[in-house]
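Structure below is my_file_26.pdb: PDB, C-alpha atoms.
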ATOM      1  CA  MET A 267      14.397  23.029  17.696
ATOM      2  CA  ASN A 268      16.319  23.513  14.475
ATOM      3  CA  ASP A 269      19.750  21.934  14.361
ATOM      4  CA  PHE A 270      19.425  20.767  10.766
ATOM      5  CA  PRO A 271      22.539  21.882   8.854
ATOM      6  CA  ALA A 272      22.365  24.414   6.024
ATOM      7  CA  ARG A 273      21.957  21.979   3.129
ATOM      8  CA  THR A 274      19.401  21.242   0.455
ATOM      9  CA  LEU A 275      17.240  18.218   1.261
ATOM     10  CA  ARG A 276      16.906  16.163  -1.919
ATOM     11  CA  ILE A 277      13.712  14.068  -1.967
ATOM     12  CA  GLY A 278      13.431  11.114  -4.330
ATOM     13  CA  THR A 279       9.961  10.150  -5.539
ATOM     14  CA  ARG A 280       8.138   8.511  -8.389
ATOM     15  CA  SER A 281       6.955  10.937 -11.053
ATOM     16  CA  SER A 282       3.270   9.966 -10.947
ATOM     17  CA  PRO A 283       0.708  12.630  -9.924
ATOM     18  CA  MET A 284      -0.058  10.607  -6.775
ATOM     19  CA  ALA A 285       3.605  10.379  -5.743
ATOM     20  CA  LEU A 286       4.164  14.078  -6.407
ATOM     21  CA  ALA A 287       1.081  14.961  -4.315
ATOM     22  CA  GLN A 288       2.469  12.839  -1.469
ATOM     23  CA  THR A 289       5.858  14.556  -1.808
ATOM     24  CA  GLU A 290       4.203  17.981  -1.619
ATOM     25  CA  HIS A 291       2.409  16.873   1.552
ATOM     26  CA  VAL A 292       5.660  15.685   3.168
ATOM     27  CA  SER A 293       7.514  18.839   2.040
ATOM     28  CA  LYS A 294       4.881  20.971   3.798
ATOM     29  CA  LEU A 295       5.264  18.956   7.010
ATOM     30  CA  LEU A 296       9.047  19.410   6.873
ATOM     31  CA  ARG A 297       8.745  23.151   6.253
ATOM     32  CA  ASP A 298       6.384  23.384   9.214
ATOM     33  CA  LEU A 299       9.346  22.151  11.268
ATOM     34  CA  ILE A 300      11.988  24.256   9.472
ATOM     35  CA  PRO A 301      10.373  27.155   7.564
ATOM     36  CA  ASP A 302      13.492  28.055   5.545
ATOM     37  CA  LEU A 303      14.352  24.447   4.618
ATOM     38  CA  GLU A 304      15.658  24.138   1.049
ATOM     39  CA  ILE A 305      13.984  21.171  -0.662
ATOM     40  CA  GLU A 306      14.761  19.748  -4.089
ATOM     41  CA  VAL A 307      12.327  17.167  -5.483
ATOM     42  CA  LYS A 308      13.931  14.626  -7.812
ATOM     43  CA  PRO A 309      11.192  12.633  -9.624
ATOM     44  CA  THR A 310      11.950   9.285 -11.253
ATOM     45  CA  THR A 311       9.930   7.270 -13.739
ATOM     46  CA  THR A 312      10.715   3.771 -12.484
ATOM     47  CA  LYS A 313      10.959   0.633 -14.564
ATOM     48  CA  ALA A 314       7.643  -0.505 -13.066
ATOM     49  CA  ASP A 315       5.975   2.780 -14.108
ATOM     50  CA  ARG A 316       7.104   2.260 -17.713
ATOM     51  CA  TRP A 317       5.967  -1.381 -17.823
ATOM     52  CA  GLN A 318       2.364  -1.801 -19.003
ATOM     53  CA  GLY A 319       2.100  -5.571 -18.553
ATOM     54  CA  ASP A 320       1.543  -7.716 -15.469
ATOM     55  CA  LEU A 321       3.927  -6.490 -12.751
ATOM     56  CA  ALA A 322       4.396 -10.058 -11.519
ATOM     57  CA  GLN A 323       6.242 -10.837 -14.771
ATOM     58  CA  LEU A 324       8.663  -8.004 -14.068
ATOM     59  CA  GLY A 325       9.304  -8.909 -10.450
ATOM     60  CA  GLY A 326       6.414  -7.286  -8.598
ATOM     61  CA  LYS A 327       5.446  -3.939  -7.118
ATOM     62  CA  GLY A 328       8.762  -3.769  -5.253
ATOM     63  CA  LEU A 329      10.231  -2.368  -8.458
ATOM     64  CA  PHE A 330       8.384   0.899  -7.727
ATOM     65  CA  VAL A 331      10.790   1.420  -4.812
ATOM     66  CA  LYS A 332      13.927  -0.361  -6.070
ATOM     67  CA  ASP A 333      15.150   2.375  -8.451
ATOM     68  CA  ILE A 334      14.678   5.095  -5.840
ATOM     69  CA  ASP A 335      16.368   3.036  -3.111
ATOM     70  CA  ALA A 336      19.405   2.664  -5.388
ATOM     71  CA  GLN A 337      19.566   6.460  -5.764
ATOM     72  CA  LEU A 338      19.444   6.811  -1.982
ATOM     73  CA  GLN A 339      22.237   4.257  -1.516
ATOM     74  CA  ARG A 340      24.407   6.084  -4.085
ATOM     75  CA  GLY A 341      23.872   9.425  -2.351
ATOM     76  CA  ASP A 342      22.020  10.997  -5.305
ATOM     77  CA  ILE A 343      19.124  11.853  -2.954
ATOM     78  CA  ASP A 344      18.827  12.292   0.815
ATOM     79  CA  MET A 345      15.426  10.730   1.488
ATOM     80  CA  ALA A 346      12.669   8.800  -0.234
ATOM     81  CA  ILE A 347       8.908   8.621   0.267
ATOM     82  CA  HIS A 348       7.340   5.196  -0.210
ATOM     83  CA  CYS A 349       3.812   3.851   0.076
ATOM     84  CA  LEU A 350       4.506   1.100   2.599
ATOM     85  CA  LYS A 351       2.189  -1.315   0.807
ATOM     86  CA  ASP A 352       4.601  -1.231  -2.184
ATOM     87  CA  VAL A 353       7.620  -2.259  -0.074
ATOM     88  CA  PRO A 354       8.338  -6.025  -0.309
ATOM     89  CA  GLY A 355       7.951  -8.002   2.894
ATOM     90  CA  ASP A 356       9.976 -11.059   1.876
ATOM     91  CA  VAL A 357      13.380  -9.369   1.578
ATOM     92  CA  PRO A 358      15.433  -7.284   4.058
ATOM     93  CA  MET A 359      15.692  -3.509   3.840
ATOM     94  CA  PRO A 360      18.327  -2.430   1.278
ATOM     95  CA  GLN A 361      21.816  -2.187   2.737
ATOM     96  CA  GLY A 362      22.379   0.983   4.748
ATOM     97  CA  LEU A 363      18.783   2.269   4.495
ATOM     98  CA  VAL A 364      16.223   2.733   7.253
ATOM     99  CA  PHE A 365      12.625   3.932   7.644
ATOM    100  CA  ALA A 366      13.133   6.934   9.926
ATOM    101  CA  ALA A 367       9.425   7.771  10.116
ATOM    102  CA  MET A 368       5.948   6.606   9.267
ATOM    103  CA  LEU A 369       3.313   9.316   8.938
ATOM    104  CA  PRO A 370      -0.116   9.047  10.593
ATOM    105  CA  ARG A 371      -2.068   6.500   8.632
ATOM    106  CA  ALA A 372      -4.561   7.628   6.005
ATOM    107  CA  ASP A 373      -7.917   5.897   5.422
ATOM    108  CA  VAL A 374      -7.173   2.234   4.623
ATOM    109  CA  ARG A 375     -10.473   1.378   2.924
ATOM    110  CA  ASP A 376     -10.921   0.256  -0.651
ATOM    111  CA  VAL A 377     -13.739   1.877  -2.590
ATOM    112  CA  LEU A 378     -15.944   1.135  -5.584
ATOM    113  CA  VAL A 379     -15.842   3.623  -8.450
ATOM    114  CA  VAL A 380     -18.183   3.433 -11.468
ATOM    115  CA  PRO A 381     -18.245   5.080 -14.910
ATOM    116  CA  GLU A 382     -19.765   8.552 -15.164
ATOM    117  CA  GLY A 383     -23.556   8.240 -15.439
ATOM    118  CA  SER A 384     -23.738   4.704 -14.006
ATOM    119  CA  THR A 385     -26.434   3.907 -11.413
ATOM    120  CA  VAL A 386     -24.423   1.044  -9.837
ATOM    121  CA  LYS A 387     -23.974   1.551  -6.082
ATOM    122  CA  THR A 388     -22.441  -1.744  -4.861
ATOM    123  CA  LEU A 389     -20.972  -4.966  -6.243
ATOM    124  CA  ALA A 390     -24.424  -6.524  -5.790
ATOM    125  CA  ASP A 391     -25.858  -4.123  -8.402
ATOM    126  CA  LEU A 392     -23.531  -5.338 -11.155
ATOM    127  CA  SER A 393     -25.030  -7.600 -13.817
ATOM    128  CA  TYR A 394     -23.962 -11.247 -14.113
ATOM    129  CA  GLY A 395     -20.432 -11.537 -15.555
ATOM    130  CA  ALA A 396     -19.796  -7.776 -15.467
ATOM    131  CA  ALA A 397     -16.174  -6.625 -15.730
ATOM    132  CA  VAL A 398     -14.565  -5.029 -12.649
ATOM    133  CA  ALA A 399     -11.125  -3.460 -13.009
ATOM    134  CA  THR A 400      -8.384  -3.507 -10.373
ATOM    135  CA  THR A 401      -4.621  -3.910 -10.118
ATOM    136  CA  ALA A 402      -4.351  -5.931  -6.904
ATOM    137  CA  VAL A 403      -4.496  -9.721  -6.585
ATOM    138  CA  ARG A 404      -5.738  -9.123  -3.019
ATOM    139  CA  ARG A 405      -8.738  -7.146  -4.302
ATOM    140  CA  LYS A 406      -9.445  -9.600  -7.115
ATOM    141  CA  ALA A 407      -9.587 -12.516  -4.677
ATOM    142  CA  GLN A 408     -11.957 -10.704  -2.319
ATOM    143  CA  ILE A 409     -14.248  -9.536  -5.140
ATOM    144  CA  LEU A 410     -14.496 -13.110  -6.455
ATOM    145  CA  LYS A 411     -15.050 -14.439  -2.940
ATOM    146  CA  VAL A 412     -18.326 -12.469  -2.929
ATOM    147  CA  ARG A 413     -19.257 -12.614  -6.634
ATOM    148  CA  ARG A 414     -17.713 -15.627  -8.407
ATOM    149  CA  ASP A 415     -19.413 -14.641 -11.666
ATOM    150  CA  LEU A 416     -17.687 -11.270 -12.076
ATOM    151  CA  ASN A 417     -14.920 -10.821 -14.645
ATOM    152  CA  VAL A 418     -12.068  -9.117 -12.785
ATOM    153  CA  ILE A 419      -9.716  -7.464 -15.258
ATOM    154  CA  ARG A 420      -6.323  -5.845 -14.711
ATOM    155  CA  VAL A 421      -5.832  -2.119 -15.183
ATOM    156  CA  ARG A 422      -2.552  -0.223 -14.832
ATOM    157  CA  GLY A 423      -1.503   3.406 -14.856
ATOM    158  CA  ALA A 424      -1.914   6.485 -12.686
ATOM    159  CA  VAL A 425      -5.268   6.867 -10.910
ATOM    160  CA  GLY A 426      -6.376   9.669 -13.247
ATOM    161  CA  THR A 427      -5.542   7.519 -16.262
ATOM    162  CA  ARG A 428      -7.473   4.578 -14.823
ATOM    163  CA  LEU A 429     -10.546   6.771 -14.277
ATOM    164  CA  GLU A 430     -10.351   8.017 -17.866
ATOM    165  CA  LYS A 431     -10.238   4.383 -19.034
ATOM    166  CA  LEU A 432     -13.237   3.575 -16.823
ATOM    167  CA  ASP A 433     -15.192   6.517 -18.291
ATOM    168  CA  GLY A 434     -14.377   5.364 -21.827
ATOM    169  CA  LYS A 435     -12.232   8.414 -22.578
ATOM    170  CA  MET A 436      -9.094   6.358 -23.139
ATOM    171  CA  GLY A 437      -8.783   2.860 -24.591
ATOM    172  CA  ASP A 438     -11.510   0.216 -24.534
ATOM    173  CA  LEU A 439     -11.635  -1.027 -20.934
ATOM    174  CA  GLN A 440     -15.369  -1.904 -20.976
ATOM    175  CA  ALA A 441     -15.453  -2.196 -17.166
ATOM    176  CA  LYS A 442     -18.656  -1.542 -15.233
ATOM    177  CA  ALA A 443     -16.782  -0.709 -12.013
ATOM    178  CA  MET A 444     -13.300  -0.296 -10.571
ATOM    179  CA  VAL A 445     -11.854  -0.809  -7.092
ATOM    180  CA  LEU A 446      -9.301   1.746  -5.852
ATOM    181  CA  ALA A 447      -7.829   2.938  -2.554
ATOM    182  CA  ARG A 448      -9.746   5.717  -0.847
ATOM    183  CA  ALA A 449      -6.509   7.332   0.374
ATOM    184  CA  GLY A 450      -5.230   7.747  -3.173
ATOM    185  CA  LEU A 451      -8.428   9.398  -4.371
ATOM    186  CA  GLU A 452      -8.334  11.713  -1.348
ATOM    187  CA  ARG A 453      -4.746  12.769  -2.062
ATOM    188  CA  LEU A 454      -5.777  13.703  -5.598
ATOM    189  CA  GLY A 455      -9.023  15.431  -4.549
ATOM    190  CA  LEU A 456     -11.182  12.851  -6.354
ATOM    191  CA  GLU A 457     -13.370  11.674  -3.452
ATOM    192  CA  ASP A 458     -16.484  12.628  -5.410
ATOM    193  CA  ARG A 459     -15.930   9.553  -7.606
ATOM    194  CA  ILE A 460     -16.458   7.161  -4.683
ATOM    195  CA  ARG A 461     -19.710   5.203  -4.972
ATOM    196  CA  HIS A 462     -19.263   2.636  -2.174
ATOM    197  CA  GLU A 463     -16.774   2.274   0.681
ATOM    198  CA  PHE A 464     -15.903  -1.313   1.574
ATOM    199  CA  THR A 465     -15.588  -2.008   5.289
ATOM    200  CA  SER A 466     -12.447  -3.883   6.339
ATOM    201  CA  HIS A 467     -14.675  -6.952   6.826
ATOM    202  CA  GLU A 468     -15.911  -6.688   3.229
ATOM    203  CA  MET A 469     -12.415  -6.138   1.846
ATOM    204  CA  LEU A 470      -9.439  -6.495   4.166
ATOM    205  CA  PRO A 471      -6.766  -3.888   3.300
ATOM    206  CA  ALA A 472      -3.252  -4.481   2.039
ATOM    207  CA  VAL A 473      -0.423  -4.744   4.558
ATOM    208  CA  GLY A 474       0.799  -1.176   5.094
ATOM    209  CA  ALA A 475      -2.245   0.380   3.419
ATOM    210  CA  GLY A 476      -2.486   4.151   3.869
ATOM    211  CA  VAL A 477       1.025   4.460   5.341
ATOM    212  CA  LEU A 478       3.681   6.788   3.920
ATOM    213  CA  ALA A 479       7.165   5.715   5.026
ATOM    214  CA  LEU A 480      10.080   8.159   5.009
ATOM    215  CA  GLU A 481      13.384   6.487   4.234
ATOM    216  CA  CYS A 482      16.971   7.722   4.524
ATOM    217  CA  ARG A 483      20.507   6.422   4.910
ATOM    218  CA  ARG A 484      21.170   4.978   8.345
ATOM    219  CA  ASP A 485      24.425   6.939   8.667
ATOM    220  CA  ASP A 486      22.881  10.309   7.712
ATOM    221  CA  GLY A 487      22.234  11.470  11.273
ATOM    222  CA  PRO A 488      20.836  14.955  10.515
ATOM    223  CA  VAL A 489      18.224  13.687   8.014
ATOM    224  CA  ALA A 490      17.283  10.718  10.212
ATOM    225  CA  ALA A 491      16.794  13.020  13.211
ATOM    226  CA  LEU A 492      14.671  15.442  11.163
ATOM    227  CA  LEU A 493      12.426  12.704   9.763
ATOM    228  CA  GLU A 494      12.003  11.053  13.165
ATOM    229  CA  ARG A 495      10.232  14.227  14.304
ATOM    230  CA  LEU A 496       7.412  13.333  11.874
ATOM    231  CA  ASN A 497       7.072   9.738  13.057
ATOM    232  CA  ASP A 498       3.690   8.543  14.354
ATOM    233  CA  PRO A 499       4.370   5.771  16.918
ATOM    234  CA  LYS A 500       0.844   4.316  16.680
ATOM    235  CA  THR A 501       1.092   3.903  12.896
ATOM    236  CA  GLN A 502       4.619   2.516  13.185
ATOM    237  CA  THR A 503       3.496  -0.064  15.764
ATOM    238  CA  GLU A 504       0.499  -1.213  13.707
ATOM    239  CA  ALA A 505       2.530  -1.359  10.483
ATOM    240  CA  THR A 506       5.241  -3.362  12.245
ATOM    241  CA  ALA A 507       2.727  -6.037  13.262
ATOM    242  CA  GLU A 508       1.395  -6.247   9.696
ATOM    243  CA  ARG A 509       4.841  -6.453   8.096
ATOM    244  CA  VAL A 510       6.094  -9.086  10.553
ATOM    245  CA  MET A 511       3.046 -11.156   9.549
ATOM    246  CA  LEU A 512       3.829 -10.576   5.844
ATOM    247  CA  HIS A 513       7.465 -11.548   6.365
ATOM    248  CA  GLY A 514       6.444 -14.710   8.240
ATOM    249  CA  LEU A 515       4.306 -15.701   5.257
ATOM    250  CA  ARG A 516       7.237 -14.916   2.919
ATOM    251  CA  GLY A 517       4.790 -12.642   1.149
ATOM    252  CA  HIS A 518       5.672 -10.178  -1.552
ATOM    253  CA  CYS A 519       3.615  -7.398  -3.126
ATOM    254  CA  ASN A 520       1.895  -9.742  -5.585
ATOM    255  CA  SER A 521       0.942 -12.332  -2.989
ATOM    256  CA  PRO A 522      -2.811 -12.578  -2.275
ATOM    257  CA  ILE A 523      -2.280 -11.492   1.337
ATOM    258  CA  ALA A 524      -4.249  -8.933   3.370
ATOM    259  CA  GLY A 525      -3.577  -7.696   6.874
ATOM    260  CA  HIS A 526      -4.780  -4.893   9.098
ATOM    261  CA  CYS A 527      -3.698  -4.026  12.617
ATOM    262  CA  THR A 528      -5.688  -1.598  14.754
ATOM    263  CA  THR A 529      -5.318  -0.249  18.282
ATOM    264  CA  GLU A 530      -8.299  -0.776  20.568
ATOM    265  CA  PRO A 531      -9.457   2.110  22.824
ATOM    266  CA  ASP A 532      -7.637   0.447  25.761
ATOM    267  CA  GLY A 533      -4.372   0.378  23.771
ATOM    268  CA  GLN A 534      -4.482  -3.323  22.932
ATOM    269  CA  LEU A 535      -3.394  -4.284  19.417
ATOM    270  CA  SER A 536      -5.648  -6.344  17.157
ATOM    271  CA  LEU A 537      -4.388  -7.941  13.932
ATOM    272  CA  ARG A 538      -6.457  -9.639  11.233
ATOM    273  CA  GLY A 539      -4.700 -11.526   8.455
ATOM    274  CA  MET A 540      -6.050 -13.345   5.387
ATOM    275  CA  VAL A 541      -4.509 -15.320   2.547
ATOM    276  CA  PHE A 542      -6.500 -16.048  -0.609
ATOM    277  CA  SER A 543      -6.211 -18.132  -3.717
ATOM    278  CA  ARG A 544      -6.102 -15.876  -6.775
ATOM    279  CA  ASP A 545      -9.664 -16.786  -7.756
ATOM    280  CA  GLY A 546     -11.015 -16.245  -4.244
ATOM    281  CA  SER A 547     -12.232 -19.835  -3.959
ATOM    282  CA  LYS A 548      -9.932 -20.690  -1.017
ATOM    283  CA  PHE A 549      -8.899 -18.513   1.894
ATOM    284  CA  VAL A 550      -7.652 -18.724   5.464
ATOM    285  CA  HIS A 551      -8.220 -16.140   8.187
ATOM    286  CA  ALA A 552      -6.692 -15.379  11.586
ATOM    287  CA  HIS A 553      -7.544 -12.645  14.082
ATOM    288  CA  ILE A 554      -5.478 -12.302  17.255
ATOM    289  CA  TRP A 555      -5.198  -9.636  19.955
ATOM    290  CA  GLY A 556      -1.912  -8.481  21.488
ATOM    291  CA  GLU A 557      -2.928  -9.690  24.955
ATOM    292  CA  THR A 558      -0.364  -9.420  27.761
ATOM    293  CA  SER A 559       2.819  -8.413  25.917
ATOM    294  CA  ASN A 560       1.049  -6.325  23.256
ATOM    295  CA  ASP A 561       4.281  -6.527  21.233
ATOM    296  CA  PRO A 562       3.708  -5.911  17.481
ATOM    297  CA  GLY A 563       6.431  -8.329  16.395
ATOM    298  CA  THR A 564       5.048 -11.122  18.559
ATOM    299  CA  LEU A 565       1.513 -10.445  17.340
ATOM    300  CA  GLY A 566       2.558 -10.467  13.667
ATOM    301  CA  ALA A 567       4.445 -13.739  14.151
ATOM    302  CA  ARG A 568       1.462 -15.355  15.890
ATOM    303  CA  VAL A 569      -0.947 -14.384  13.096
ATOM    304  CA  SER A 570       1.386 -15.627  10.354
ATOM    305  CA  ALA A 571       1.877 -18.908  12.255
ATOM    306  CA  GLY A 572      -1.894 -19.288  12.568
ATOM    307  CA  LEU A 573      -2.366 -18.732   8.834
ATOM    308  CA  LEU A 574       0.451 -21.171   7.949
ATOM    309  CA  ARG A 575      -1.119 -23.866  10.138
ATOM    310  CA  GLN A 576      -4.277 -23.495   8.040
ATOM    311  CA  GLY A 577      -2.384 -24.036   4.760
ATOM    312  CA  ALA A 578      -1.507 -20.448   3.789
ATOM    313  CA  HIS A 579       1.783 -21.447   2.140
ATOM    314  CA  ASP A 580       0.127 -23.779  -0.365
ATOM    315  CA  ILE A 581      -2.527 -21.154  -1.157
ATOM    316  CA  ILE A 582       0.132 -18.471  -1.763
ATOM    317  CA  GLU A 583       2.125 -20.809  -4.017
ATOM    318  CA  GLY A 584      -1.030 -21.957  -5.850
ATOM    319  CA  ILE A 585      -0.523 -25.613  -4.865
ATOM    320  CA  PRO A 586      -3.803 -27.486  -5.442
ATOM    321  CA  HIS A 587      -5.356 -29.816  -2.899
TER     322      HIS A 587
END
Serialized structure, structure tokens:
Amino acid sequence: MNDFPARTLRIGTRSSPMALAQTEHVSKLLRDLIPDLEIEVKPTTTKADRWQGDLAQLGGKGLFVKDIDAQLQRGDIDMAIHCLKDVPGDVPMPQGLVFAAMLPRADVRDVLVVPEGSTVKTLADLSYGAAVATTAVRRKAQILKVRRDLNVIRVRGAVGTRLEKLDGKMGDLQAKAMVLARAGLERLGLEDRIRHEFTSHEMLPAVGAGVLALECRRDDGPVAALLERLNDPKTQTEATAERVMLHGLRGHCNSPIAGHCTTEPDGQLSLRGMVFSRDGSKFVHAHIWGETSNDPGTLGARVSAGLLRQGAHDIIEGIPH
């Protein structure tokens, strides 16, 4: 099956090593379908990549995708590859764009990484008040939920850069540990740095964690049809439930929200959602199964409603009680 027209497929991506590794992975999958496919990779250093401060001040992680979406809308590129967890859940898809495929989900777990030579194996091994570096509010809240004494500090930059900072080879981070996504370390071949893997009960993943979403223009039939051949229905269903929950909470990428949908052996969907205060002192939790309808949209809406009934909105907005 190869009815893709003779044209160069222009892929838009961020210029970070991680994004380029993901693009290479997707390019290989596409060439497995069409061996002689001409692919042109068009990397972009987004405004969010250039910004070294708190992303919330700039408008959130959605800025990682905004610049590339604009290129896609203008017709400068034919498709984009996004980490789904970076795509805002509180705004509609950009005009004229659609996710044509979601790839099979990578490992969703967060992991603990420590400086070279450290004997620390878990959070429990860290000394009182030790500094732990991470970028995500979701991770910060869950670290502090377990260890209120720890000093969670923000770290930005590509994964390789963050590891150099942790090892003291760049800057003066002074952190005794760092929390990163396992999937990202795997894509870069850095699994050997993992010291501890958090279970989803220890640290609930981000909505859309481990999912690469392939985006194109809705009216570009040939590209949409090609990308749809790479779609994984199970991942798409689970991600839909998570994102409907996120949307119901009016959550964006800097909201302290976690959510993870799985498919039971009998095919039934299961969705856990949590909302935290930024310091981890308050949280609400809901866990619901798909039951009779097993519809991901219905399940996501039910979990968000359950969290809102418990006061999730006030926690997200930081309203004290």
message = Would you compute the distance between atom CA of A:Thr501 and atom CA of A:Arg575? Give it in Å to one decimal.
response = 28.0 Å
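Take the candidates A:Pro358, A:His462, A:Thr311, A:Asp433 and check each one against A:Val386 using all atoms listed in the file; the shortest distance goes to A:His462.
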ask   = So what does the PyMOL selection byres ((chain A and resi 368-379) around 7) actually pick up in this one, as JSON, numbers by chain?
value = {"A": [367, 380, 443, 444, 445, 446, 447, 448, 449, 459, 460, 461, 462, 463, 464, 465, 466, 471, 475, 476, 477, 478, 479, 480, 496, 497, 498, 501, 502]}
query = Written as a list in words, which residues does the PyMOL selection byres ((chain A and resi 583) around 12) give for the file shown?
reply =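 Taken over the shown coordinates, the PyMOL selection byres ((chain A and resi 583) around 12) returns Leu515, Arg516, Gly517, His518, Asn520, Ser521, Pro522, Ile523, Val541, Phe542, Ser543, Arg544, Gly577, Ala578, His579, Asp580, Ile581, Ile582, Gly584, Ile585, Pro586 and His587 of chain A.
Going from atom CA of A:Glu481 to atom CA of A:Phe365 covers 4.3 Å.
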request  = In the coordinates of the file, take the point (-22.1, -6.8, -13.7) and a cut-off of 12 Å; then, counting all atoms listed in the file, name each qualifying protein, DNA or RNA residue as a PyMOL selection string.
outcome  = chain A and resi 380+384-399+409+413-418+440-444
remark   = If you count only C-alpha atoms, the residue of A:Leu299, A:Met284, A:Val331, A:Ala505 closest to A:Thr427 turns out to be A:Met284
request  = Using atom CA of A:Pro499 and atom CA of A:Arg405 as the two end points, give the distance in Å to one decimal.
outcome  =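 If I compute the distance from atom CA of A:Pro499 to atom CA of A:Arg405, I get 28.1 Å.
Residues in contact with A:Arg340 at up to 12 Å, not including ones fewer than 4 positions away on its chain and judged by only C-alpha atoms, are A:Asp333, A:Ile334, A:Asp335, A:Ala336, A:Asp344, A:Met345, A:Pro360, A:Gln361, A:Gly362, A:Leu363, A:Cys482, A:Arg483.
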Any chance you can output those residues with C-alpha atoms as a compact mmCIF listing (two decimals), keeping the file's coordinate frame?
# COMPACT_ATOMS: atom_id res chain seq x y z
CA ASP A 333 15.15 2.38 -8.45
CA ILE A 334 14.68 5.10 -5.84
CA ASP A 335 16.37 3.04 -3.11
CA ALA A 336 19.40 2.66 -5.39
CA ASP A 344 18.83 12.29 0.82
CA MET A 345 15.43 10.73 1.49
CA PRO A 360 18.33 -2.43 1.28
CA GLN A 361 21.82 -2.19 2.74
CA GLY A 362 22.38 0.98 4.75
CA LEU A 363 18.78 2.27 4.50
CA CYS A 482 16.97 7.72 4.52
CA ARG A 483 20.51 6.42 4.91
message = Could you check the closest approach to A:Leu286 for each of A:Ala424, A:Thr401, A:Lys406, A:Phe270 and tell me which residue wins, using all atoms listed in the file?
response = A:Ala424
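Closest approach to A:Arg495 from the set A:Ile300, A:Thr289, A:Thr529, A:Glu508 is made by A:Ile300, with distances taken over only C-alpha atoms.
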query = Which of these residues is nearest to A:Gly426, using all atoms listed in the file: A:Ser570, A:Gln288, A:Ser282, A:Thr503?
reply = A:Ser282
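Applied to this file, the PyMOL selection byres ((chain A and resi 572) around 12) selects A:Met511, A:Gly514, A:Leu515, A:Leu537, A:Arg538, A:Gly539, A:Met540, A:Val541, A:Val550, A:His551, A:Ala552, A:His553, A:Ile554, A:Leu565, A:Gly566, A:Ala567, A:Arg568, A:Val569, A:Ser570, A:Ala571, A:Leu573, A:Leu574, A:Arg575, A:Gln576, A:Gly577, A:Ala578, A:His579.
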Residue neighbourhood A:His513, 8 Å, only C-alpha atoms, exclusion window fewer than 6 positions, as a PyMOL selection string = chain A and resi 355-357
Edge lengths and centre in Å, axis-aligned, stretch 531-536 of chain A plus 3 Å each side, as JSON:
{"center_x": -6.4, "center_y": -2.1, "center_z": 21.5, "size_x": 12.1, "size_y": 14.5, "size_z": 14.6}
key: Of the listed residues A:Ile347, A:Asp342, A:His526, A:Lys500, that which approaches A:Glu290 most closely, counting only C-alpha atoms   =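 Looking only at the distances to A:Glu290, the closest residue turns out to be A:Ile347.
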